[in-house]
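Below: input-v2.csv (CSV, C-alpha atoms)
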chain,number,residue,atom,x,y,z
Q,1062,MET,CA,-26.8,-7.1,-20.4
Q,1063,LYS,CA,-24.4,-4.1,-20.4
Q,1064,ARG,CA,-20.9,-5.0,-19.3
Q,1065,PRO,CA,-19.9,-3.1,-16.2
Q,1066,SER,CA,-16.9,-0.8,-16.6
Q,1067,LEU,CA,-13.5,-1.9,-15.4
Q,1068,GLU,CA,-13.6,0.8,-12.8
Q,1069,GLU,CA,-16.8,-0.6,-11.3
Q,1070,VAL,CA,-15.5,-4.2,-11.2
Q,1071,ILE,CA,-12.2,-3.1,-9.6
Q,1072,GLY,CA,-14.0,-0.9,-7.1
Q,1073,TYR,CA,-16.2,-3.8,-6.0
Q,1074,ILE,CA,-13.3,-6.3,-5.7
Q,1075,LEU,CA,-11.3,-3.8,-3.5
Q,1076,VAL,CA,-14.2,-3.1,-1.2
Q,1077,ILE,CA,-15.5,-6.7,-0.8
Q,1078,GLY,CA,-11.9,-8.1,-0.4
Q,1079,VAL,CA,-10.8,-5.6,2.2
Q,1080,THR,CA,-14.0,-5.6,4.2
Q,1081,THR,CA,-14.1,-9.4,4.4
Q,1082,SER,CA,-10.5,-9.5,5.4
Q,1083,LEU,CA,-10.8,-6.9,8.2
Q,1084,ILE,CA,-13.9,-8.7,9.6
Q,1085,MET,CA,-11.8,-11.9,9.8
Q,1086,GLU,CA,-9.0,-10.0,11.5
Q,1087,LEU,CA,-11.3,-8.6,14.0
Q,1088,ALA,CA,-12.9,-11.9,14.7
Q,1089,GLY,CA,-9.5,-13.5,15.1
Q,1090,LEU,CA,-8.3,-10.8,17.5
Q,1091,ILE,CA,-11.4,-11.3,19.7
Q,1092,LEU,CA,-10.6,-15.1,19.7
Q,1093,TYR,CA,-7.0,-14.3,20.6
Q,1094,VAL,CA,-7.8,-11.9,23.5
Q,1095,THR,CA,-10.6,-14.1,24.9
Q,1096,GLY,CA,-8.6,-17.3,24.5
Q,1097,LYS,CA,-5.3,-16.1,25.9
Q,1098,GLY,CA,-6.9,-13.9,28.5
Q,1099,THR,CA,-4.4,-11.1,27.7
Q,1100,THR,CA,-4.0,-8.4,25.1
Q,1101,GLU,CA,-0.2,-8.8,25.1
Q,1102,ILE,CA,1.4,-9.7,21.7
Q,1103,ASP,CA,3.9,-12.4,22.1
Q,1104,LEU,CA,6.4,-12.2,19.2
Q,1105,SER,CA,8.0,-15.5,20.2
Q,1106,ASP,CA,4.7,-17.4,19.8
Q,1107,PHE,CA,5.4,-19.6,16.8
Q,1108,GLU,CA,1.8,-20.4,16.2
Q,1109,ALA,CA,1.1,-16.7,15.2
Q,1110,TYR,CA,3.4,-16.7,12.2
Q,1111,VAL,CA,2.4,-17.1,8.6
Q,1112,ARG,CA,4.4,-19.9,7.1
Q,1113,SER,CA,4.0,-19.9,3.4
Q,1114,GLN,CA,6.4,-21.1,0.8
Q,1115,ASP,CA,4.0,-21.7,-2.0
Q,1116,PHE,CA,1.2,-19.2,-1.4
Q,1117,PHE,CA,-1.5,-21.1,-3.4
Q,1118,ALA,CA,-0.8,-24.3,-1.5
Q,1119,TYR,CA,-0.9,-22.2,1.7
Q,1120,ILE,CA,-4.4,-21.0,0.8
Q,1121,THR,CA,-5.7,-24.6,0.7
Q,1122,ASP,CA,-4.0,-25.3,4.0
Q,1123,VAL,CA,-5.4,-22.3,5.7
Q,1124,VAL,CA,-9.0,-22.9,4.4
Q,1125,GLY,CA,-8.7,-26.5,5.6
Q,1126,SER,CA,-7.4,-25.6,9.0
Q,1127,VAL,CA,-10.1,-22.9,9.6
Q,1128,LEU,CA,-12.7,-25.5,8.8
Q,1129,SER,CA,-11.2,-28.2,11.0
Q,1130,ASN,CA,-9.8,-26.0,13.8
Q,1131,PRO,CA,-11.0,-22.4,13.8
Q,1132,ASN,CA,-8.7,-20.7,16.3
Q,1133,TYR,CA,-7.3,-17.1,16.3
Q,1134,ALA,CA,-4.2,-18.0,14.3
Q,1135,THR,CA,-6.1,-19.8,11.4
Q,1136,VAL,CA,-8.9,-17.2,11.2
Q,1137,MET,CA,-6.4,-14.3,11.1
Q,1138,ALA,CA,-4.2,-16.1,8.6
Q,1139,LEU,CA,-7.2,-16.5,6.4
Q,1140,GLY,CA,-7.9,-12.8,6.8
Q,1141,LEU,CA,-4.4,-12.0,5.6
Q,1142,VAL,CA,-4.7,-14.4,2.7
Q,1143,LEU,CA,-7.9,-12.7,1.6
Q,1144,LEU,CA,-6.1,-9.3,1.9
Q,1145,MET,CA,-3.3,-10.4,-0.4
Q,1146,LEU,CA,-5.7,-12.0,-2.9
Q,1147,THR,CA,-7.6,-8.6,-3.2
Q,1148,PRO,CA,-5.0,-6.8,-5.4
Q,1149,TYR,CA,-4.2,-10.1,-7.1
Q,1150,LEU,CA,-7.8,-10.6,-8.2
Q,1151,ARG,CA,-7.8,-7.0,-9.3
Q,1152,VAL,CA,-5.1,-7.8,-11.9
Q,1153,VAL,CA,-6.9,-11.1,-12.9
Q,1154,ALA,CA,-10.1,-9.1,-13.5
Q,1155,SER,CA,-8.1,-6.5,-15.6
Q,1156,VAL,CA,-6.6,-9.2,-17.8
Q,1157,VAL,CA,-10.1,-10.7,-18.5
Q,1158,TYR,CA,-11.6,-7.2,-19.1
Q,1159,PHE,CA,-8.9,-6.2,-21.6
Q,1160,ALA,CA,-9.3,-9.5,-23.3
Q,1161,LEU,CA,-13.1,-9.0,-23.6
Q,1162,SER,CA,-12.5,-5.5,-25.0
Q,1163,ARG,CA,-9.9,-7.0,-27.4
Q,1164,ASN,CA,-7.3,-4.6,-26.2
Q,1165,TYR,CA,-4.4,-7.0,-26.7
Q,1166,LYS,CA,-1.7,-4.4,-25.8
Q,1167,TYR,CA,-3.1,-4.2,-22.3
Q,1168,VAL,CA,-3.7,-7.9,-22.1
Q,1169,VAL,CA,0.0,-8.3,-22.4
Q,1170,ILE,CA,0.8,-5.5,-19.9
Q,1171,THR,CA,-1.5,-6.9,-17.3
Q,1172,LEU,CA,-0.3,-10.5,-17.9
Q,1173,ILE,CA,3.3,-9.4,-17.2
Q,1174,VAL,CA,2.2,-8.0,-13.8
Q,1175,LEU,CA,0.2,-11.1,-13.1
Q,1176,ALA,CA,3.1,-13.4,-14.0
Q,1177,MET,CA,5.6,-11.6,-11.8
Q,1178,LEU,CA,3.2,-11.6,-8.8
Q,1179,THR,CA,2.4,-15.3,-9.3
Q,1180,ALA,CA,6.0,-16.2,-9.6
Q,1181,SER,CA,6.9,-14.3,-6.5
Q,1182,LEU,CA,4.1,-16.0,-4.6
Q,1183,ILE,CA,5.2,-19.5,-5.6
Q,1184,VAL,CA,9.0,-19.5,-6.0
Q,1185,HIS,CA,11.3,-19.0,-3.0
I,548,MET,CA,9.3,-4.1,26.0
I,549,TYR,CA,5.7,-4.8,26.5
I,550,LEU,CA,3.8,-5.1,23.2
I,551,ASP,CA,0.0,-4.9,23.4
I,552,VAL,CA,-2.9,-5.4,20.9
I,553,VAL,CA,-4.7,-2.2,22.1
I,554,VAL,CA,-1.5,-0.1,22.1
I,555,VAL,CA,-0.6,-1.2,18.5
I,556,MET,CA,-4.1,-0.6,17.4
I,557,LEU,CA,-4.3,2.9,18.8
I,558,THR,CA,-0.8,3.7,17.4
I,559,SER,CA,-1.8,2.5,14.0
I,560,MET,CA,-5.0,4.5,14.2
I,561,PHE,CA,-3.0,7.6,14.9
I,562,ALA,CA,-0.6,6.9,12.1
I,563,GLY,CA,-3.5,6.2,9.6
I,564,PHE,CA,-5.3,9.3,10.8
I,565,LEU,CA,-2.3,11.5,10.3
I,566,GLY,CA,-1.3,9.8,7.1
I,567,SER,CA,-4.7,10.5,5.5
I,568,LEU,CA,-4.8,14.1,6.7
I,569,ILE,CA,-1.7,14.9,4.9
I,570,GLY,CA,-2.6,12.7,2.0
I,571,LEU,CA,0.3,10.3,2.4
I,572,GLY,CA,0.3,6.7,3.7
I,573,GLY,CA,0.5,5.8,7.3
I,574,GLY,CA,3.3,3.2,6.9
I,575,ALA,CA,6.1,5.7,7.2
I,576,ILE,CA,4.6,6.8,10.6
I,577,VAL,CA,3.6,3.4,12.0
I,578,ILE,CA,7.0,1.7,11.4
I,579,PRO,CA,9.2,4.0,13.5
I,580,ILE,CA,6.6,3.9,16.3
I,581,LEU,CA,6.5,0.1,16.2
I,582,THR,CA,10.3,0.0,16.6
I,583,LEU,CA,9.9,2.3,19.6
I,584,LEU,CA,7.5,-0.3,21.1
I,585,GLY,CA,10.1,-2.9,20.7
I,586,VAL,CA,9.3,-4.6,17.4
I,587,PRO,CA,12.4,-5.5,15.5
I,588,LEU,CA,12.7,-3.2,12.4
I,589,LYS,CA,12.4,-5.9,9.8
I,590,GLN,CA,9.3,-7.3,11.4
I,591,ALA,CA,7.8,-3.8,11.7
I,592,ILE,CA,8.4,-3.3,7.9
I,593,ALA,CA,7.0,-6.7,6.9
I,594,ASN,CA,3.8,-6.4,9.1
I,595,SER,CA,3.2,-2.8,8.1
I,596,MET,CA,3.6,-3.5,4.4
I,597,ILE,CA,0.8,-6.2,4.3
I,598,THR,CA,-1.6,-3.9,6.0
I,599,LEU,CA,-1.0,-1.2,3.4
I,600,ILE,CA,-3.2,-3.3,1.1
I,601,ALA,CA,-6.1,-2.6,3.4
I,602,THR,CA,-5.5,1.1,4.0
I,603,SER,CA,-4.8,2.0,0.4
I,604,SER,CA,-7.7,-0.1,-1.0
I,605,GLY,CA,-10.4,1.8,0.9
I,606,SER,CA,-9.8,5.1,-0.7
I,607,ALA,CA,-8.6,3.5,-4.0
I,608,SER,CA,-12.0,1.9,-4.5
I,609,ALA,CA,-13.7,5.3,-4.2
I,610,TYR,CA,-11.2,7.1,-6.5
I,611,VAL,CA,-11.4,4.4,-9.1
I,612,ARG,CA,-15.2,4.6,-9.3
I,613,GLU,CA,-15.1,8.3,-9.6
I,614,LYS,CA,-12.6,7.7,-12.5
I,615,LEU,CA,-9.9,9.8,-10.9
I,616,THR,CA,-7.6,6.9,-11.2
I,617,ASN,CA,-5.9,6.3,-14.5
I,618,VAL,CA,-6.1,2.5,-14.6
I,619,LYS,CA,-4.1,2.0,-17.8
I,620,ALA,CA,-1.3,4.2,-16.5
I,621,ALA,CA,-1.4,2.3,-13.2
I,622,MET,CA,-1.1,-1.1,-15.0
I,623,TYR,CA,1.8,0.0,-17.1
I,624,LEU,CA,3.6,1.5,-14.1
I,625,GLU,CA,2.9,-1.5,-12.0
I,626,ILE,CA,5.2,-3.6,-14.2
I,627,PHE,CA,8.0,-1.5,-12.8
I,628,THR,CA,6.9,-1.0,-9.2
I,629,VAL,CA,6.3,-4.7,-8.8
I,630,ILE,CA,9.8,-5.6,-9.9
I,631,GLY,CA,11.1,-2.8,-7.6
I,632,ALA,CA,9.1,-4.0,-4.6
I,633,ILE,CA,10.1,-7.6,-4.9
I,634,VAL,CA,13.8,-6.7,-5.3
I,635,GLY,CA,13.6,-4.2,-2.4
I,636,ALA,CA,11.9,-6.6,0.0
I,637,THR,CA,14.6,-9.2,-0.8
I,638,ILE,CA,17.3,-6.7,-0.1
I,639,THR,CA,15.7,-5.9,3.3
I,640,ILE,CA,15.7,-9.6,4.2
I,641,LEU,CA,19.5,-9.7,3.5
I,642,VAL,CA,20.8,-6.4,4.7
I,643,PRO,CA,21.6,-5.6,8.4
I,644,SER,CA,18.9,-3.5,10.1
I,645,LYS,CA,21.5,-0.8,10.9
I,646,TYR,CA,21.5,0.4,7.3
I,647,LEU,CA,17.8,0.2,7.0
I,648,TYR,CA,17.3,2.8,9.7
I,649,PHE,CA,19.4,5.3,7.7
I,650,PHE,CA,17.6,4.5,4.4
I,651,PHE,CA,14.3,5.0,6.3
I,652,ALA,CA,15.4,8.4,7.7
I,653,ALA,CA,16.6,9.5,4.2
I,654,PHE,CA,13.4,8.4,2.6
I,655,LEU,CA,11.2,10.1,5.1
I,656,SER,CA,12.7,13.3,3.9
I,657,SER,CA,11.0,12.8,0.5
I,658,SER,CA,7.7,13.4,2.3
I,659,PHE,CA,8.6,17.1,2.4
I,660,TYR,CA,7.5,17.1,-1.3
I,661,GLY,CA,4.0,16.3,-0.1
I,662,ILE,CA,4.0,19.4,2.1
I,663,ARG,CA,5.4,21.7,-0.5
I,664,ARG,CA,2.7,20.4,-2.8
I,665,LYS,CA,-0.1,21.1,-0.3
I,666,MET,CA,1.2,24.7,0.0
I,667,SER,CA,1.3,25.5,-3.7
I,668,THR,CA,-2.0,26.2,-5.4
I,669,SER,CA,-0.7,26.4,-8.9
I,670,THR,CA,-3.2,25.6,-11.6
I,671,PHE,CA,-2.5,22.6,-13.8
I,672,ASN,CA,-2.0,23.1,-17.5
I,673,ASN,CA,-1.2,20.4,-20.0
I,674,GLU,CA,0.0,21.8,-23.3
I,675,THR,CA,2.9,19.5,-24.0
I,676,ALA,CA,2.6,17.4,-27.1
I,677,GLN,CA,2.4,13.6,-26.4
I,678,ASP,CA,5.3,11.5,-27.4
I,679,ARG,CA,4.8,8.3,-29.5
I,680,PHE,CA,5.4,5.7,-26.8
I,681,SER,CA,2.9,7.4,-24.4
I,682,ARG,CA,0.4,7.6,-27.2
I,683,TRP,CA,0.9,4.0,-28.1
I,684,LEU,CA,0.2,3.1,-24.5
I,685,GLU,CA,-3.1,5.1,-24.8
I,686,LEU,CA,-2.1,7.1,-21.7
I,687,GLU,CA,-4.7,9.8,-21.4
I,688,GLY,CA,-7.5,10.6,-19.1
I,689,THR,CA,-10.6,12.6,-18.3
I,690,TYR,CA,-12.2,13.2,-14.9
I,691,TYR,CA,-14.7,15.6,-13.4
I,692,ASP,CA,-13.1,18.1,-11.0
I,693,GLU,CA,-15.6,19.1,-8.4
I,694,SER,CA,-13.6,22.1,-7.1
I,695,LEU,CA,-13.1,23.5,-10.6
I,696,GLY,CA,-16.6,22.5,-11.7
I,697,LYS,CA,-15.5,21.2,-15.0
I,698,GLU,CA,-14.0,18.2,-16.9
I,699,VAL,CA,-10.2,17.9,-16.9
I,700,ASN,CA,-8.6,16.3,-19.9
I,701,TYR,CA,-5.0,15.3,-19.9
I,702,LYS,CA,-2.4,13.4,-21.8
I,703,ILE,CA,0.5,11.6,-20.1
I,704,VAL,CA,4.0,12.2,-21.5
I,705,ARG,CA,7.4,10.6,-21.1
I,706,ALA,CA,6.1,7.1,-20.1
I,707,HIS,CA,9.6,5.7,-21.1
I,708,LEU,CA,11.1,7.7,-18.2
I,709,GLY,CA,8.2,7.4,-15.8
I,710,GLY,CA,8.4,3.5,-15.8
I,711,PRO,CA,12.0,3.2,-14.7
I,712,ALA,CA,11.6,6.0,-12.2
I,713,MET,CA,8.7,4.1,-10.7
I,714,MET,CA,11.0,1.1,-10.3
I,715,ILE,CA,13.0,3.2,-7.8
I,716,ALA,CA,9.8,4.1,-6.0
I,717,GLY,CA,8.9,0.4,-5.8
I,718,LEU,CA,12.4,-0.5,-4.6
I,719,ALA,CA,12.2,2.0,-1.7
I,720,ALA,CA,8.6,0.9,-0.9
I,721,GLY,CA,9.6,-2.8,-0.8
I,722,MET,CA,12.7,-2.1,1.2
I,723,LEU,CA,11.1,0.0,3.8
I,724,GLY,CA,7.6,-1.5,3.9
I,725,ILE,CA,5.9,1.9,3.0
I,726,GLY,CA,3.8,3.2,0.2
I,727,ALA,CA,6.3,5.8,-1.0
I,728,GLY,CA,3.3,7.8,-2.0
I,729,ALA,CA,5.0,11.2,-2.0
I,730,PHE,CA,7.7,9.8,-4.3
I,731,LYS,CA,5.2,8.3,-6.6
I,732,VAL,CA,3.1,11.4,-6.8
I,733,ALA,CA,6.2,13.4,-7.5
I,734,ILE,CA,7.0,11.1,-10.5
I,735,HIS,CA,3.4,11.3,-11.8
I,736,GLU,CA,3.4,15.1,-11.6
I,737,LEU,CA,6.9,16.0,-12.6
I,738,VAL,CA,7.8,13.3,-15.2
I,739,LEU,CA,4.4,12.1,-16.5
I,740,LYS,CA,2.7,15.5,-16.2
I,741,MET,CA,-0.5,14.1,-14.6
I,742,PRO,CA,-2.8,16.6,-12.9
I,743,PRO,CA,-2.7,16.5,-9.1
I,744,LYS,CA,-5.9,14.7,-8.4
I,745,ALA,CA,-5.2,12.0,-10.9
I,746,SER,CA,-1.7,11.7,-9.5
I,747,SER,CA,-2.8,11.1,-5.9
I,748,ALA,CA,-5.6,8.7,-6.9
I,749,THR,CA,-3.3,6.7,-9.3
I,750,SER,CA,-0.5,6.6,-6.7
I,751,ASN,CA,-2.9,5.3,-4.1
I,752,PHE,CA,-4.1,2.6,-6.4
I,753,ILE,CA,-0.5,1.5,-7.2
I,754,ILE,CA,0.4,1.3,-3.5
I,755,GLY,CA,-1.9,-1.6,-3.0
I,756,MET,CA,-0.1,-3.6,-5.7
I,757,THR,CA,3.4,-2.6,-4.5
I,758,ALA,CA,2.4,-3.7,-1.0
I,759,LEU,CA,1.3,-7.1,-2.3
I,760,ALA,CA,4.5,-7.5,-4.3
I,761,GLY,CA,6.6,-6.8,-1.2
I,762,SER,CA,4.4,-8.9,1.0
I,763,THR,CA,5.0,-12.0,-1.3
I,764,VAL,CA,8.6,-11.9,-0.2
I,765,PHE,CA,8.0,-11.1,3.5
I,766,ILE,CA,5.3,-13.7,3.9
I,767,ALA,CA,7.7,-16.4,2.6
I,768,SER,CA,10.4,-15.4,5.0
I,769,GLY,CA,8.3,-15.9,8.1
I,770,LEU,CA,8.2,-12.3,9.3
I,771,VAL,CA,4.5,-11.9,9.3
I,772,ASN,CA,2.8,-12.3,12.7
I,773,VAL,CA,-1.0,-12.5,12.4
I,774,VAL,CA,-1.8,-10.8,15.7
I,775,LEU,CA,0.6,-7.9,15.0
I,776,ALA,CA,-0.5,-7.5,11.3
I,777,GLY,CA,-4.2,-7.8,12.3
I,778,SER,CA,-3.9,-5.1,15.0
I,779,ILE,CA,-2.1,-2.7,12.6
I,780,ALA,CA,-4.6,-3.4,9.8
I,781,ILE,CA,-7.7,-2.6,11.9
I,782,GLY,CA,-6.2,0.4,13.6
I,783,ALA,CA,-4.7,2.0,10.4
I,784,THR,CA,-7.9,1.5,8.4
I,785,VAL,CA,-10.2,3.0,11.0
I,786,GLY,CA,-7.7,5.9,11.5
I,787,SER,CA,-7.4,6.7,7.8
I,788,MET,CA,-11.2,6.7,7.5
I,789,MET,CA,-11.4,9.1,10.4
I,790,GLY,CA,-8.8,11.3,8.8
I,791,SER,CA,-10.6,11.6,5.5
I,792,ARG,CA,-13.8,12.6,7.4
I,793,LEU,CA,-12.1,15.3,9.4
I,794,LEU,CA,-9.9,16.5,6.5
I,795,PRO,CA,-12.3,19.1,5.1
I,796,LYS,CA,-12.8,20.6,8.6
I,797,MET,CA,-9.1,21.2,9.4
I,798,SER,CA,-7.1,24.2,8.2
I,799,ASP,CA,-4.1,23.4,6.0
I,800,LYS,CA,-1.9,25.3,8.3
I,801,THR,CA,-2.7,23.1,11.3
I,802,ILE,CA,-2.2,19.9,9.3
I,803,ARG,CA,1.1,21.1,7.9
I,804,PHE,CA,2.4,22.0,11.3
I,805,LEU,CA,1.3,18.7,12.8
I,806,PHE,CA,2.9,16.8,10.0
I,807,LEU,CA,6.2,18.7,10.0
I,808,LEU,CA,6.5,18.1,13.8
I,809,VAL,CA,5.9,14.3,13.5
I,810,LEU,CA,8.1,14.0,10.4
I,811,ILE,CA,11.1,15.7,12.0
I,812,TYR,CA,10.7,13.6,15.1
I,813,LEU,CA,10.5,10.4,13.2
I,814,ILE,CA,13.6,11.3,11.1
I,815,ILE,CA,15.6,12.0,14.3
I,816,GLN,CA,14.4,8.9,15.9
I,817,MET,CA,15.3,6.6,13.0
I,818,VAL,CA,18.8,8.2,12.7
I,819,TYR,CA,19.3,7.7,16.4
I,820,LYS,CA,18.2,4.1,16.2
I,821,GLY,CA,20.6,3.5,13.3
I,822,VAL,CA,23.5,5.1,15.1
I,823,THR,CA,22.9,3.1,18.3
I,824,SER,CA,22.0,-0.3,16.8
I,825,PRO,CA,24.9,-2.8,16.7
Translate this structure into structure tokens?
Amino acid sequence: MKRPSLEEVIGYILVIGVTTSLIMELAGLILYVTGKGTTEIDLSDFEAYVRSQDFFAYITDVVGSVLSNPNYATVMALGLVLLMLTPYLRVVASVVYFALSRNYKYVVITLIVLAMLTASLIVH
Amino acid sequence: MYLDVVVVMLTSMFAGFLGSLIGLGGGAIVIPILTLLGVPLKQAIANSMITLIATSSGSASAYVREKLTNVKAAMYLEIFTVIGAIVGATITILVPSKYLYFFFAAFLSSSFYGIRRKMSTSTFNNETAQDRFSRWLELEGTYYDESLGKEVNYKIVRAHLGGPAMMIAGLAAGMLGIGAGAFKVAIHELVLKMPPKASSATSNFIIGMTALAGSTVFIASGLVNVVLAGSIAIGATVGSMMGSRLLPKMSDKTIRFLFLLVLIYLIIQMVYKGVTSP
């Protein structure tokens, strides 16, 4: 089987990631408006804030809470997590792609980007 | 002030629409309007930045499949923009909002480059010899230009200068929660000597990554509100899709006039906010 080009792989990651994320955001907004009975955004509503220190631990939390208690806040938080994972996965895919094409120069370059993003997602 | 899902969505749609008409991101437009609606500046910055991932990725996926985007150049430059964005976002968390208003107004002025660029119809030529570092990084590209009806080949130069310059672009983007697209395009064209279409496409591609880097900081500092971010994301994405549909039908003159008007208004508003904030 012919290996798809890096451009194709990245194109699909971006489209699928963003579309899924926006669908979850829309679903969450509908839950919010129907549940609260108002379209007002309450900036003092503690529940609506993303609280993530370690992003990867937060992903597990969010997935768990969507499964156990799917309300607007958990559904929309999952949507935002997916949104943030989209460019992240784009870098992961690039590392794999350059490794498969034995372009080690670019394996190192993409790994540097990946390492910085990962560190910034975990350490605070 | 009363903040509403529908109002935020429509505002973001307008910003996304206008942003894609002029070929720049909507972040610079949506943030000042959010502060006008009563959202604290830092929160407007944080919530707008995360939604840039959505608005930039839509067009980025199309450009990347058409091979307009130079993926290798983007990966190399992202080392610098990511550092810049993380540092910039951290500064924003620490600095008083008063100063951020002034930074914002100053940076909005760089968008004038985008207008000047739309006005000039100079043809691109790339006759400079490539330096060793840029060649070592394999920074060259080929794409099919529909308006010219032929393949365009180009070689990128001065990558050693372009990288650090992009760190400044990343810093501004992270601080202000915007894409800093005009600034990035300027570096691509003036320093790296990339042709205009490849510049725009590559800049758009990098914006998604800069937005992620900045968001890693904002999300940990508890500034991201899911209802606010969700409303902006949906509005801005729909708006920028509408903008790119309408773009071919509108005259350049109308677009420029509209954009100039909005830009000048936003600069005045941010300066005013900066002066009057405690």
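The residue that comes closest to Ile1071 in chain Q, out of I:Val577, I:Arg612, I:Tyr623, I:Tyr549 and on the basis of all atoms listed in the file, is I:Arg612.
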>> Which residues are near Gly1125 in chain Q? Cut-off 12 Å, only C-alpha atoms, ignore same chain within fewer than 5 positions. Put them as a list in words.
In response: Ala1118, Tyr1119, Ile1120, Asn1130, Pro1131, Thr1135, Val1136, Ala1138 and Leu1139 of chain Q
With a cut-off of 7 Å, could you pull out the residues of chain Q touching chain I and give me the nearest pair of atoms for each, distance in Å to one decimal, using all atoms listed in the file, ordered by chain and ascending number, as a Markdown table?
| residue | atom | partner | partner_atom | distance |
| --- | --- | --- | --- | --- |
| Q:Glu1068 | CA | I:Arg612 | CA | 5.4 |
| Q:Glu1069 | CA | I:Arg612 | CA | 5.8 |
| Q:Gly1072 | CA | I:Ser608 | CA | 4.3 |
| Q:Leu1075 | CA | I:Ser604 | CA | 5.7 |
| Q:Val1076 | CA | I:Ser608 | CA | 6.4 |
| Q:Val1079 | CA | I:Ala601 | CA | 5.7 |
| Q:Leu1083 | CA | I:Ile781 | CA | 6.5 |
| Q:Glu1086 | CA | I:Gly777 | CA | 5.3 |
| Q:Leu1090 | CA | I:Val774 | CA | 6.7 |
| Q:Thr1100 | CA | I:Val552 | CA | 5.3 |
| Q:Glu1101 | CA | I:Asp551 | CA | 4.3 |
| Q:Ile1102 | CA | I:Asp551 | CA | 5.3 |
| Q:Ala1109 | CA | I:Asn772 | CA | 5.3 |
| Q:Tyr1110 | CA | I:Asn772 | CA | 4.5 |
| Q:Val1111 | CA | I:Val771 | CA | 5.7 |
| Q:Arg1112 | CA | I:Gly769 | CA | 5.7 |
| Q:Ser1113 | CA | I:Ala767 | CA | 5.2 |
| Q:Gln1114 | CA | I:Ala767 | CA | 5.2 |
| Q:Ala1134 | CA | I:Val773 | CA | 6.6 |
| Q:Met1137 | CA | I:Val773 | CA | 5.8 |
| Q:Ala1138 | CA | I:Val773 | CA | 6.1 |
| Q:Leu1144 | CA | I:Ile600 | CA | 6.7 |
| Q:Met1145 | CA | I:Leu759 | CA | 6.0 |
| Q:Pro1148 | CA | I:Met756 | CA | 5.9 |
| Q:Ile1170 | CA | I:Tyr623 | CA | 6.3 |
| Q:Thr1171 | CA | I:Met622 | CA | 6.3 |
| Q:Ile1173 | CA | I:Ile626 | CA | 6.8 |
| Q:Val1174 | CA | I:Ile626 | CA | 5.3 |
| Q:Leu1178 | CA | I:Ala760 | CA | 6.2 |
| Q:Ser1181 | CA | I:Thr763 | CA | 6.0 |
| Q:Leu1182 | CA | I:Thr763 | CA | 5.3 |
> Do you know which residues lie at most 12 Å from (-8.0, -11.9, -19.5), with coordinates as in the file and only C-alpha atoms counted, and could you write them as a PyMOL selection string?
Replying inline: chain Q and resi 1150-1173+1175
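One distance worth recording is that between CA of Ala562 in chain I and CA of Lys589 in chain I, which is 18.4 Å.
One finds CA of Val1184 in chain Q at 27.5 Å from CA of Ile578 in chain I.
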> Just how far from CA of Ile703 in chain I is CA of Ala676 in chain I, in Å to one decimal?
Replying inline: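 These two atoms are separated by 9.3 Å.
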>> Residues near range 816-823 of chain I, anyone? I mean within 7 Å using all atoms listed in the file, not counting same-chain ones fewer than 4 positions away, as number ranges by chain.
In response: I: 579, 645-646, 648-649, 651-652, 812
>> So that I can see what lies close to Ile715 in chain I, please list as a PyMOL selection string the residues with an atom at most 8 Å from it, counting only C-alpha atoms and leaving out residues fewer than 4 positions away in the same chain.
In response: chain I and resi 628+631+711+719
Contact residues around Glu687 in chain I with all atoms listed in the file at 10 Å, ignoring same-chain residues under 4 positions, as a PDB file with C-alpha atoms, in the coordinates of the input:
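Contents of out.pdb, as written:
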ATOM      1  CA  ASN I 617      -5.900   6.300 -14.500  1.00  0.00           C
ATOM      2  CA  LYS I 619      -4.100   2.000 -17.800  1.00  0.00           C
ATOM      3  CA  ALA I 620      -1.300   4.200 -16.500  1.00  0.00           C
ATOM      4  CA  GLN I 677       2.400  13.600 -26.400  1.00  0.00           C
ATOM      5  CA  SER I 681       2.900   7.400 -24.400  1.00  0.00           C
ATOM      6  CA  ARG I 682       0.400   7.600 -27.200  1.00  0.00           C
ATOM      7  CA  ASN I 700      -8.600  16.300 -19.900  1.00  0.00           C
ATOM      8  CA  TYR I 701      -5.000  15.300 -19.900  1.00  0.00           C
ATOM      9  CA  LYS I 702      -2.400  13.400 -21.800  1.00  0.00           C
ATOM     10  CA  ILE I 703       0.500  11.600 -20.100  1.00  0.00           C
ATOM     11  CA  VAL I 704       4.000  12.200 -21.500  1.00  0.00           C
ATOM     12  CA  MET I 741      -0.500  14.100 -14.600  1.00  0.00           C
TER      13      MET I 741
END
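If only C-alpha atoms are the atoms counted, then among I:Ile814, I:Ile779, I:Ser798, I:Met596 the closest residue to Phe650 in chain I is I:Ile814.
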> Out of Q:Ser1066, Q:Ser1082, Q:Thr1099, Q:Thr1121, which residue has the shortest atom-to-atom distance to Gly1140 in chain Q when counting all atoms listed in the file?
Replying inline: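 Looking at the shortest contact to Gly1140 in chain Q, the residue is Q:Ser1082.
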